[in-house]
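Notes to accompany the following structure.
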Amino acid sequence: MKKGFVRTLTAAAILGSLLTGCGSKAASQPEESSGTVQESSAANKDAVKVRILTRFSNPDSVREKYFMDMVVKFQEENPDILLEDVSISDEESHDTLFKTAVAAGDPIEVFNFLGYAANLDYVKNGVITDVSDIIEEDPAWTEHYIDALFAPVDYSDYGVEGIYGLPNAPYGVCCFYNKAIFDEVGLELPETWEDIEAAAPVLIEKGYVPMAFGAKDNYRAGHFLTALSMKYYGDDLKNNLINGETAWNGPETVALIEMMQKWYESGLFGTNNLAYDANGELAKLESGEAAIIFSGSWNIATINEFDNVADIVCKGFPYFASKPEFKDQWMGGPDDFMSMTAKPGDDNYEASVRVLKFFTSQEYWQGLYEVQGGGGTFPVKFDQVIEADPLTTQFNEYYNNAANMIGEIEQFSPMTSLMDTVRTEVTTIFADDKAQDIADRIQEAVDAYQAAQ
């Protein structure tokens, strides 16, 4: 059983993956979900039903399309199981569907799980199944996994024994640049925020969005705030916010939100940010409308399919020339985890285990590795290394130098609603809200939570 690993991951912890690569009524299914059920299995009235919920429902994404194809493959190979794919790309809709199912007493059997302290209540309340016994019974299942990636689903520090999921791909928040645009306007690709601030007026004058920011997805604001904090404070701010030494409306957090507010007001993030999402950012990069997008390693495979991929360059999230000591501090780590809610004794427990194992198997990852041509990051090691594409190689040049990396700040808090609160509030800068007001509302929510404990 994998347990007791450190909670803050270093680059060394994931280097291997970079170098080698109970009611009966189901919750209603939003229209955005893929809702894939194979007709052949649907006709089998004796089949055991298992639902799977991920954020993989966009066939234009290489990684998501692979998952969707594997749902079909699983169904073909397992006609005795009726696998219903209720995946939804939109994170808020995904989370709402899962919460609704739990509230109805009918939690979705296999799903992707964020882990960390923010989801501690699900673990303590017995919603999530401890898979440590399954791992011990079948050691070959996880023998190629990188042990350190299990840290966010090991809750022994909170008095809960066990392991509550299998890690998906490690990630790092980075930036993608359209070099052709910078060549056209006679600018070098920026490395620092000072460089970007200097380049922005030139890019805007030429009709380009310096850095596209799709605020319709509120997680974009959460990711940006954490990545920015790591480059400005290292993980000190995260530690101080979580242990209560620093308030969310203190000068440190306000300063970060004020930076974002200033960049928005200056036009650095473009306009109409609330009208488009993360996929819109990718579209603007491919169309040549945006010079930069901040994104992550999970999109490398998708960008490799762009018509203008030869113009795209990957770099780490910009650092501050005034803060060189934090240059190699990153937002990153395990993407999320594949977990299950079915328990021993449930009618669909054995079927759920088969589903979980299929979508976390070495064969599953090997197939994705091959589809992506060696690109991306993985939670397992491979026996044979595929020569990586240029974007992966560029990403790794930065990522392999990471001195420290954390997930989103709120993930380290036991306040389960904090992530949505921070993301939603910070997003309001795009509705002309002010940094201090945003930070005050976040702290008010934290105070209310603590008062209720």
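To be explicit about the labels: the chains of the structure tokens are called A, B, and onward in the order shown, and within each one the residues are counted from 1, while ligands get numbers from 1 in the order they are shown.
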Sel. of helix (DSSP H, G or I) residues, segment 102-302 of chain A, as a ChimeraX atom specification: /A:102-103,117-124,132-137,139-142,147-153,156-158,179-185,193-205,219-233,236-243,251-266,273-275,278-287,297-302
Close residues, segment 328-331 of chain A itself excluded, 8 Å, only C-alpha atoms, min 2 positions apart in chain, as number ranges by chain: A: 172-173, 223, 226-227, 230-231, 234-235, 317, 325-326, 333, 401-408
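Closest approach to Cys314 of chain A among A:Ser229, A:Ser295, A:Asn78, A:Gln453: A:Ser295, based on only C-alpha atoms.
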What are the nearest atom pairs, with distances in Å to one decimal, for all residues of segment 271-357 of chain A that come at most 8 Å from segment 168-171 of chain A, using only C-alpha atoms, set out by chain and rising residue number as a Markdown table?
```
| residue | atom | partner | partner_atom | distance |
| --- | --- | --- | --- | --- |
| A:Gly296 | CA | A:Tyr171 | CA | 6.7 |
| A:Ser297 | CA | A:Tyr171 | CA | 5.5 |
| A:Trp298 | CA | A:Tyr171 | CA | 6.5 |
| A:Gly332 | CA | A:Tyr171 | CA | 5.2 |
| A:Gly333 | CA | A:Pro170 | CA | 5.1 |
| A:Pro334 | CA | A:Pro170 | CA | 4.2 |
| A:Asp335 | CA | A:Pro170 | CA | 5.2 |
| A:Asp336 | CA | A:Asn168 | CA | 5.5 |
| A:Phe337 | CA | A:Asn168 | CA | 5.3 |
| A:Met338 | CA | A:Asn168 | CA | 6.8 |
```
Selected residue of minimal separation from Glu91 of chain A among A:Asn218, A:Thr142, A:Asn125, A:Asn272, counting only C-alpha atoms: A:Asn218
Contact check, segment 213-314 of chain A to segment 177-187 of chain A, at most 12 Å, counting only C-alpha atoms, closest pairs as JSON lines:
```
{"residue": "A:Glu281", "atom": "CA", "partner": "A:Tyr177", "partner_atom": "CA", "distance": 11.8}
{"residue": "A:Leu282", "atom": "CA", "partner": "A:Tyr177", "partner_atom": "CA", "distance": 11.1}
{"residue": "A:Lys284", "atom": "CA", "partner": "A:Asn178", "partner_atom": "CA", "distance": 10.2}
{"residue": "A:Leu285", "atom": "CA", "partner": "A:Asn178", "partner_atom": "CA", "distance": 6.8}
{"residue": "A:Glu286", "atom": "CA", "partner": "A:Asn178", "partner_atom": "CA", "distance": 8.3}
{"residue": "A:Ser287", "atom": "CA", "partner": "A:Asn178", "partner_atom": "CA", "distance": 9.9}
{"residue": "A:Gly288", "atom": "CA", "partner": "A:Asn178", "partner_atom": "CA", "distance": 7.3}
{"residue": "A:Glu289", "atom": "CA", "partner": "A:Ile181", "partner_atom": "CA", "distance": 9.1}
{"residue": "A:Ala290", "atom": "CA", "partner": "A:Asn178", "partner_atom": "CA", "distance": 7.5}
{"residue": "A:Ala291", "atom": "CA", "partner": "A:Asn178", "partner_atom": "CA", "distance": 5.2}
{"residue": "A:Ile292", "atom": "CA", "partner": "A:Tyr177", "partner_atom": "CA", "distance": 4.5}
{"residue": "A:Ile293", "atom": "CA", "partner": "A:Tyr177", "partner_atom": "CA", "distance": 6.8}
{"residue": "A:Phe294", "atom": "CA", "partner": "A:Tyr177", "partner_atom": "CA", "distance": 8.9}
{"residue": "A:Ser295", "atom": "CA", "partner": "A:Tyr177", "partner_atom": "CA", "distance": 10.6}
{"residue": "A:Ile303", "atom": "CA", "partner": "A:Tyr177", "partner_atom": "CA", "distance": 11.2}
{"residue": "A:Phe306", "atom": "CA", "partner": "A:Asn178", "partner_atom": "CA", "distance": 11.5}
{"residue": "A:Asn308", "atom": "CA", "partner": "A:Asn178", "partner_atom": "CA", "distance": 8.7}
{"residue": "A:Val309", "atom": "CA", "partner": "A:Asn178", "partner_atom": "CA", "distance": 8.7}
{"residue": "A:Ala310", "atom": "CA", "partner": "A:Lys179", "partner_atom": "CA", "distance": 8.9}
{"residue": "A:Asp311", "atom": "CA", "partner": "A:Lys179", "partner_atom": "CA", "distance": 5.4}
{"residue": "A:Ile312", "atom": "CA", "partner": "A:Asn178", "partner_atom": "CA", "distance": 4.7}
{"residue": "A:Val313", "atom": "CA", "partner": "A:Tyr177", "partner_atom": "CA", "distance": 5.1}
{"residue": "A:Cys314", "atom": "CA", "partner": "A:Tyr177", "partner_atom": "CA", "distance": 6.3}
```
Contact residues around Phe320 of chain A with only C-alpha atoms at 10 Å, ignoring same-chain residues under 5 positions, as a PDB file with all heavy atoms, in the first residue's frame:
```
ATOM      1  N   GLU A 191      10.148  36.055 -21.167  1.00  0.00           N
ATOM      2  CA  GLU A 191      10.343  35.060 -20.118  1.00  0.00           C
ATOM      3  C   GLU A 191       9.748  35.517 -18.793  1.00  0.00           C
ATOM      4  O   GLU A 191       9.389  34.691 -17.961  1.00  0.00           O
ATOM      5  CB  GLU A 191      11.843  34.792 -19.913  1.00  0.00           C
ATOM      6  CG  GLU A 191      12.545  34.110 -21.064  1.00  0.00           C
ATOM      7  CD  GLU A 191      12.358  32.596 -21.042  1.00  0.00           C
ATOM      8  OE1 GLU A 191      11.867  32.075 -20.030  1.00  0.00           O
ATOM      9  OE2 GLU A 191      12.718  31.949 -22.039  1.00  0.00           O
ATOM     10  N   THR A 192       9.661  36.823 -18.595  1.00  0.00           N
ATOM     11  CA  THR A 192       9.236  37.377 -17.308  1.00  0.00           C
ATOM     12  C   THR A 192       7.972  38.209 -17.474  1.00  0.00           C
ATOM     13  O   THR A 192       7.600  38.604 -18.588  1.00  0.00           O
ATOM     14  CB  THR A 192      10.330  38.271 -16.708  1.00  0.00           C
ATOM     15  OG1 THR A 192      10.455  39.459 -17.508  1.00  0.00           O
ATOM     16  CG2 THR A 192      11.665  37.545 -16.649  1.00  0.00           C
ATOM     17  N   TRP A 193       7.318  38.493 -16.341  1.00  0.00           N
ATOM     18  CA  TRP A 193       6.152  39.364 -16.386  1.00  0.00           C
ATOM     19  C   TRP A 193       6.536  40.783 -16.782  1.00  0.00           C
ATOM     20  O   TRP A 193       5.765  41.473 -17.459  1.00  0.00           O
ATOM     21  CB  TRP A 193       5.425  39.348 -15.040  1.00  0.00           C
ATOM     22  CG  TRP A 193       4.572  38.138 -14.908  1.00  0.00           C
ATOM     23  CD1 TRP A 193       4.762  37.061 -14.099  1.00  0.00           C
ATOM     24  CD2 TRP A 193       3.392  37.854 -15.681  1.00  0.00           C
ATOM     25  NE1 TRP A 193       3.791  36.115 -14.308  1.00  0.00           N
ATOM     26  CE2 TRP A 193       2.936  36.574 -15.261  1.00  0.00           C
ATOM     27  CE3 TRP A 193       2.692  38.542 -16.668  1.00  0.00           C
ATOM     28  CZ2 TRP A 193       1.789  35.986 -15.812  1.00  0.00           C
ATOM     29  CZ3 TRP A 193       1.561  37.959 -17.213  1.00  0.00           C
ATOM     30  CH2 TRP A 193       1.123  36.696 -16.786  1.00  0.00           C
ATOM     31  N   GLU A 194       7.725  41.192 -16.413  1.00  0.00           N
ATOM     32  CA  GLU A 194       8.180  42.508 -16.850  1.00  0.00           C
ATOM     33  C   GLU A 194       8.294  42.565 -18.375  1.00  0.00           C
ATOM     34  O   GLU A 194       7.930  43.569 -19.005  1.00  0.00           O
ATOM     35  CB  GLU A 194       9.520  42.844 -16.191  1.00  0.00           C
ATOM     36  CG  GLU A 194       9.451  43.099 -14.688  1.00  0.00           C
ATOM     37  CD  GLU A 194       9.587  41.842 -13.833  1.00  0.00           C
ATOM     38  OE1 GLU A 194       9.493  40.721 -14.387  1.00  0.00           O
ATOM     39  OE2 GLU A 194       9.797  41.988 -12.615  1.00  0.00           O
ATOM     40  N   ASP A 195       8.781  41.470 -18.978  1.00  0.00           N
ATOM     41  CA  ASP A 195       8.876  41.401 -20.441  1.00  0.00           C
ATOM     42  C   ASP A 195       7.492  41.455 -21.085  1.00  0.00           C
ATOM     43  O   ASP A 195       7.289  42.121 -22.107  1.00  0.00           O
ATOM     44  CB  ASP A 195       9.562  40.100 -20.863  1.00  0.00           C
ATOM     45  CG  ASP A 195      11.027  40.032 -20.472  1.00  0.00           C
ATOM     46  OD1 ASP A 195      11.634  41.086 -20.235  1.00  0.00           O
ATOM     47  OD2 ASP A 195      11.560  38.899 -20.403  1.00  0.00           O
ATOM     48  N   LEU A 228       0.676  32.407 -10.157  1.00  0.00           N
ATOM     49  CA  LEU A 228       1.264  33.723  -9.920  1.00  0.00           C
ATOM     50  C   LEU A 228       1.863  33.806  -8.516  1.00  0.00           C
ATOM     51  O   LEU A 228       2.969  34.346  -8.321  1.00  0.00           O
ATOM     52  CB  LEU A 228       0.189  34.797 -10.103  1.00  0.00           C
ATOM     53  CG  LEU A 228       0.656  36.256 -10.202  1.00  0.00           C
ATOM     54  CD1 LEU A 228       1.490  36.472 -11.458  1.00  0.00           C
ATOM     55  CD2 LEU A 228      -0.552  37.193 -10.190  1.00  0.00           C
ATOM     56  N   LYS A 231       5.282  32.209  -8.214  1.00  0.00           N
ATOM     57  CA  LYS A 231       6.366  32.987  -8.808  1.00  0.00           C
ATOM     58  C   LYS A 231       6.686  34.245  -8.005  1.00  0.00           C
ATOM     59  O   LYS A 231       7.756  34.846  -8.183  1.00  0.00           O
ATOM     60  CB  LYS A 231       6.011  33.378 -10.253  1.00  0.00           C
ATOM     61  CG  LYS A 231       5.779  32.208 -11.190  1.00  0.00           C
ATOM     62  CD  LYS A 231       7.019  31.339 -11.359  1.00  0.00           C
ATOM     63  CE  LYS A 231       6.792  30.248 -12.400  1.00  0.00           C
ATOM     64  NZ  LYS A 231       7.972  29.380 -12.576  1.00  0.00           N
ATOM     65  N   TYR A 232       5.766  34.652  -7.128  1.00  0.00           N
ATOM     66  CA  TYR A 232       5.963  35.890  -6.369  1.00  0.00           C
ATOM     67  C   TYR A 232       6.334  35.633  -4.912  1.00  0.00           C
ATOM     68  O   TYR A 232       7.104  36.393  -4.322  1.00  0.00           O
ATOM     69  CB  TYR A 232       4.695  36.745  -6.430  1.00  0.00           C
ATOM     70  CG  TYR A 232       4.947  38.217  -6.201  1.00  0.00           C
ATOM     71  CD1 TYR A 232       5.515  39.008  -7.206  1.00  0.00           C
ATOM     72  CD2 TYR A 232       4.637  38.822  -4.991  1.00  0.00           C
ATOM     73  CE1 TYR A 232       5.756  40.358  -7.008  1.00  0.00           C
ATOM     74  CE2 TYR A 232       4.876  40.177  -4.775  1.00  0.00           C
ATOM     75  CZ  TYR A 232       5.441  40.933  -5.786  1.00  0.00           C
ATOM     76  OH  TYR A 232       5.687  42.279  -5.588  1.00  0.00           O
ATOM     77  N   GLU A 325      14.429  34.440  -7.093  1.00  0.00           N
ATOM     78  CA  GLU A 325      14.506  33.294  -6.189  1.00  0.00           C
ATOM     79  C   GLU A 325      13.314  32.353  -6.332  1.00  0.00           C
ATOM     80  O   GLU A 325      13.361  31.205  -5.889  1.00  0.00           O
ATOM     81  CB  GLU A 325      14.620  33.766  -4.731  1.00  0.00           C
ATOM     82  CG  GLU A 325      13.413  34.503  -4.187  1.00  0.00           C
ATOM     83  CD  GLU A 325      13.440  36.008  -4.419  1.00  0.00           C
ATOM     84  OE1 GLU A 325      14.010  36.443  -5.453  1.00  0.00           O
ATOM     85  OE2 GLU A 325      12.902  36.749  -3.562  1.00  0.00           O
ATOM     86  N   PHE A 326      12.236  32.832  -6.971  1.00  0.00           N
ATOM     87  CA  PHE A 326      11.037  32.002  -7.134  1.00  0.00           C
ATOM     88  C   PHE A 326      10.831  31.569  -8.590  1.00  0.00           C
ATOM     89  O   PHE A 326       9.763  31.076  -8.941  1.00  0.00           O
ATOM     90  CB  PHE A 326       9.806  32.756  -6.631  1.00  0.00           C
ATOM     91  CG  PHE A 326       9.885  33.155  -5.182  1.00  0.00           C
ATOM     92  CD1 PHE A 326       9.695  34.474  -4.785  1.00  0.00           C
ATOM     93  CD2 PHE A 326      10.176  32.217  -4.206  1.00  0.00           C
ATOM     94  CE1 PHE A 326       9.784  34.839  -3.458  1.00  0.00           C
ATOM     95  CE2 PHE A 326      10.260  32.569  -2.866  1.00  0.00           C
ATOM     96  CZ  PHE A 326      10.069  33.887  -2.491  1.00  0.00           C
ATOM     97  N   LYS A 327      11.845  31.735  -9.398  1.00  0.00           N
ATOM     98  CA  LYS A 327      11.745  31.405 -10.820  1.00  0.00           C
ATOM     99  C   LYS A 327      11.278  29.970 -11.053  1.00  0.00           C
ATOM    100  O   LYS A 327      10.480  29.695 -11.955  1.00  0.00           O
ATOM    101  CB  LYS A 327      13.101  31.622 -11.490  1.00  0.00           C
ATOM    102  CG  LYS A 327      13.161  31.209 -12.948  1.00  0.00           C
ATOM    103  CD  LYS A 327      14.552  31.422 -13.526  1.00  0.00           C
ATOM    104  CE  LYS A 327      14.636  30.966 -14.967  1.00  0.00           C
ATOM    105  NZ  LYS A 327      16.007  31.137 -15.525  1.00  0.00           N
TER     106      LYS A 327
END
```
Would you tabulate, counting only C-alpha atoms, all residues of segment 197-283 of chain A that have an atom at most 12 Å from an atom of segment 60-66 of chain A, showing the closest pair of atoms and their distance in Å to one decimal, sorted by chain then ascending number, as CSV?
```
residue,atom,partner,partner_atom,distance
A:Ala278,CA,A:Ser61,CA,11.9
A:Asn279,CA,A:Ser61,CA,9.5
A:Leu282,CA,A:Ser61,CA,10.7
A:Ala283,CA,A:Asp60,CA,11.3
```
Contact residues around Trp365 of chain A with only C-alpha atoms at 12 Å, ignoring same-chain residues under 5 positions, as JSON, numbers by chain: {"A": [17, 20, 21, 63, 66, 67, 70, 141, 142, 144, 145, 167, 168, 169, 357, 358, 359, 360, 370, 371, 372, 374, 375, 376, 377, 378, 379, 380, 381, 382]}
